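Notes to accompany the following structure.
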Amino acid sequence: MKKYLLDTSALLALRDDEPGADRVAQLLDLAQEGQAQCLCCFISLMEVMYRVWRDEGEPAGRLAHEQCLALPLGWIHESPDLLKRAAEIKASFPLSLADAWIAASALEEQAVLIHKDPEFISVLVAQEALPFKAGVRSK
């Protein structure tokens, strides 16, 4: 079964109905039907919550967190092997700490990383980039 790992940007694209939201919804439908597996890294829960909280207030942030938990996603949590892989990626690529955990999760799970973040392009992980925001170019 094909595995996909949704980056925080993919979750936010779905929530905010940004370009690429239809692809994320399609993958989640496949997961719901048992035709694919959709995963997400634990750190994306925090990222969604704090970003929405910061922009829209605490109640909206907490609701966004609960909505993520209701999606047909498997959650990847911290482990010693994942920590080592995330550290290796962080040391090797110009990624944020959260993005290093997310890329490591995709690699550990042998999943296709679904994202809207051009910084992932240089990382050697199977990936599918959703449309970037206006003014952002892929490398």
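Identifiers for the structure tokens are assigned positionally: chains receive A, B, ... in sequence, residues are indexed from 1 per chain, and ligands are indexed from 1 in the order shown.
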
Run DSSP on the backbone and tell me which residues of region 6-36 of chain A come out as alpha helix (DSSP H); list them as a list in words. Thr8, Ser9, Ala10, Leu11, Leu12, Ala13, Leu14, Arg15, Ala21, Asp22, Arg23, Val24, Ala25, Gln26, Leu27, Leu28, Asp29, Leu30, Ala31 and Gln32 of chain A

Take the selection from the previous step and output its residues with N, CA, C and O atoms, as a PDB file, in the first residue's frame.
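Contents of again_19.pdb, as written:
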```pdb
ATOM      1  N   THR A   8       3.154  19.832   7.508  1.00  0.00           N
ATOM      2  CA  THR A   8       2.281  20.849   8.102  1.00  0.00           C
ATOM      3  C   THR A   8       1.665  21.720   7.017  1.00  0.00           C
ATOM      4  O   THR A   8       0.476  22.067   7.092  1.00  0.00           O
ATOM      5  N   SER A   9       2.449  22.080   6.013  1.00  0.00           N
ATOM      6  CA  SER A   9       1.941  22.944   4.944  1.00  0.00           C
ATOM      7  C   SER A   9       0.786  22.281   4.190  1.00  0.00           C
ATOM      8  O   SER A   9      -0.133  22.966   3.732  1.00  0.00           O
ATOM      9  N   ALA A  10       0.810  20.967   4.066  1.00  0.00           N
ATOM     10  CA  ALA A  10      -0.287  20.249   3.413  1.00  0.00           C
ATOM     11  C   ALA A  10      -1.548  20.297   4.280  1.00  0.00           C
ATOM     12  O   ALA A  10      -2.654  20.496   3.769  1.00  0.00           O
ATOM     13  N   LEU A  11      -1.375  20.126   5.586  1.00  0.00           N
ATOM     14  CA  LEU A  11      -2.523  20.215   6.493  1.00  0.00           C
ATOM     15  C   LEU A  11      -3.143  21.614   6.456  1.00  0.00           C
ATOM     16  O   LEU A  11      -4.364  21.771   6.422  1.00  0.00           O
ATOM     17  N   LEU A  12      -2.287  22.629   6.458  1.00  0.00           N
ATOM     18  CA  LEU A  12      -2.791  24.005   6.426  1.00  0.00           C
ATOM     19  C   LEU A  12      -3.408  24.346   5.074  1.00  0.00           C
ATOM     20  O   LEU A  12      -4.390  25.102   5.012  1.00  0.00           O
ATOM     21  N   ALA A  13      -2.882  23.785   3.997  1.00  0.00           N
ATOM     22  CA  ALA A  13      -3.485  23.987   2.677  1.00  0.00           C
ATOM     23  C   ALA A  13      -4.909  23.438   2.666  1.00  0.00           C
ATOM     24  O   ALA A  13      -5.828  24.079   2.148  1.00  0.00           O
ATOM     25  N   LEU A  14      -5.090  22.257   3.251  1.00  0.00           N
ATOM     26  CA  LEU A  14      -6.417  21.657   3.336  1.00  0.00           C
ATOM     27  C   LEU A  14      -7.338  22.527   4.182  1.00  0.00           C
ATOM     28  O   LEU A  14      -8.448  22.872   3.759  1.00  0.00           O
ATOM     29  N   ARG A  15      -6.866  22.921   5.342  1.00  0.00           N
ATOM     30  CA  ARG A  15      -7.678  23.727   6.266  1.00  0.00           C
ATOM     31  C   ARG A  15      -8.100  25.050   5.651  1.00  0.00           C
ATOM     32  O   ARG A  15      -9.240  25.480   5.782  1.00  0.00           O
ATOM     33  N   ALA A  21      -5.132  21.859  -1.941  1.00  0.00           N
ATOM     34  CA  ALA A  21      -6.054  21.263  -0.963  1.00  0.00           C
ATOM     35  C   ALA A  21      -6.798  20.079  -1.554  1.00  0.00           C
ATOM     36  O   ALA A  21      -7.038  19.082  -0.861  1.00  0.00           O
ATOM     37  N   ASP A  22      -7.126  20.155  -2.844  1.00  0.00           N
ATOM     38  CA  ASP A  22      -7.835  19.054  -3.484  1.00  0.00           C
ATOM     39  C   ASP A  22      -6.991  17.777  -3.506  1.00  0.00           C
ATOM     40  O   ASP A  22      -7.509  16.684  -3.306  1.00  0.00           O
ATOM     41  N   ARG A  23      -5.688  17.905  -3.712  1.00  0.00           N
ATOM     42  CA  ARG A  23      -4.807  16.735  -3.710  1.00  0.00           C
ATOM     43  C   ARG A  23      -4.717  16.125  -2.314  1.00  0.00           C
ATOM     44  O   ARG A  23      -4.756  14.896  -2.160  1.00  0.00           O
ATOM     45  N   VAL A  24      -4.612  16.972  -1.301  1.00  0.00           N
ATOM     46  CA  VAL A  24      -4.565  16.476   0.073  1.00  0.00           C
ATOM     47  C   VAL A  24      -5.874  15.750   0.399  1.00  0.00           C
ATOM     48  O   VAL A  24      -5.857  14.647   0.968  1.00  0.00           O
ATOM     49  N   ALA A  25      -6.998  16.347   0.023  1.00  0.00           N
ATOM     50  CA  ALA A  25      -8.300  15.714   0.266  1.00  0.00           C
ATOM     51  C   ALA A  25      -8.398  14.372  -0.463  1.00  0.00           C
ATOM     52  O   ALA A  25      -8.919  13.396   0.091  1.00  0.00           O
ATOM     53  N   GLN A  26      -7.867  14.310  -1.691  1.00  0.00           N
ATOM     54  CA  GLN A  26      -7.872  13.063  -2.451  1.00  0.00           C
ATOM     55  C   GLN A  26      -7.084  11.965  -1.725  1.00  0.00           C
ATOM     56  O   GLN A  26      -7.532  10.826  -1.621  1.00  0.00           O
ATOM     57  N   LEU A  27      -5.906  12.320  -1.208  1.00  0.00           N
ATOM     58  CA  LEU A  27      -5.099  11.340  -0.481  1.00  0.00           C
ATOM     59  C   LEU A  27      -5.798  10.877   0.792  1.00  0.00           C
ATOM     60  O   LEU A  27      -5.768   9.685   1.122  1.00  0.00           O
ATOM     61  N   LEU A  28      -6.429  11.798   1.495  1.00  0.00           N
ATOM     62  CA  LEU A  28      -7.157  11.430   2.713  1.00  0.00           C
ATOM     63  C   LEU A  28      -8.363  10.543   2.394  1.00  0.00           C
ATOM     64  O   LEU A  28      -8.675   9.629   3.156  1.00  0.00           O
ATOM     65  N   ASP A  29      -9.012  10.797   1.257  1.00  0.00           N
ATOM     66  CA  ASP A  29     -10.111   9.927   0.819  1.00  0.00           C
ATOM     67  C   ASP A  29      -9.586   8.516   0.543  1.00  0.00           C
ATOM     68  O   ASP A  29     -10.226   7.529   0.921  1.00  0.00           O
ATOM     69  N   LEU A  30      -8.435   8.424  -0.118  1.00  0.00           N
ATOM     70  CA  LEU A  30      -7.838   7.110  -0.376  1.00  0.00           C
ATOM     71  C   LEU A  30      -7.517   6.393   0.934  1.00  0.00           C
ATOM     72  O   LEU A  30      -7.732   5.180   1.057  1.00  0.00           O
ATOM     73  N   ALA A  31      -7.022   7.140   1.911  1.00  0.00           N
ATOM     74  CA  ALA A  31      -6.725   6.546   3.220  1.00  0.00           C
ATOM     75  C   ALA A  31      -8.006   6.068   3.898  1.00  0.00           C
ATOM     76  O   ALA A  31      -8.040   4.975   4.473  1.00  0.00           O
ATOM     77  N   GLN A  32      -9.037   6.871   3.820  1.00  0.00           N
ATOM     78  CA  GLN A  32     -10.326   6.512   4.431  1.00  0.00           C
ATOM     79  C   GLN A  32     -10.874   5.223   3.810  1.00  0.00           C
ATOM     80  O   GLN A  32     -11.469   4.400   4.497  1.00  0.00           O
TER      81      GLN A  32
END
```

Within 8 Å of region 116-133 of chain A using only C-alpha atoms, minus same-chain residues under 3 positions, as a PyMOL selection string: chain A and resi 7+9-10+19-20+23+93-95+99+103+106-107+110-113+136-139

Using only C-alpha atoms, which residues sit within 10 Å of Gly61 (chain A) once same-chain residues fewer than 3 positions away are excluded, as a ChimeraX atom specification? /A:46-58,64-67

As a PyMOL selection string, please: the residues near Ser105 (chain A) (cut-off 10 Å, only C-alpha atoms, same-chain neighbours under 3 positions excluded). chain A and resi 5+7+39-42+75-78+81-83+85-86+99-102+108-111+113

Would you please extract all strand (DSSP E or B) residues from region 68-139 of chain A, as assigned by DSSP on the backbone, and give them as a ChimeraX atom specification? /A:74-76,112-115,127-129
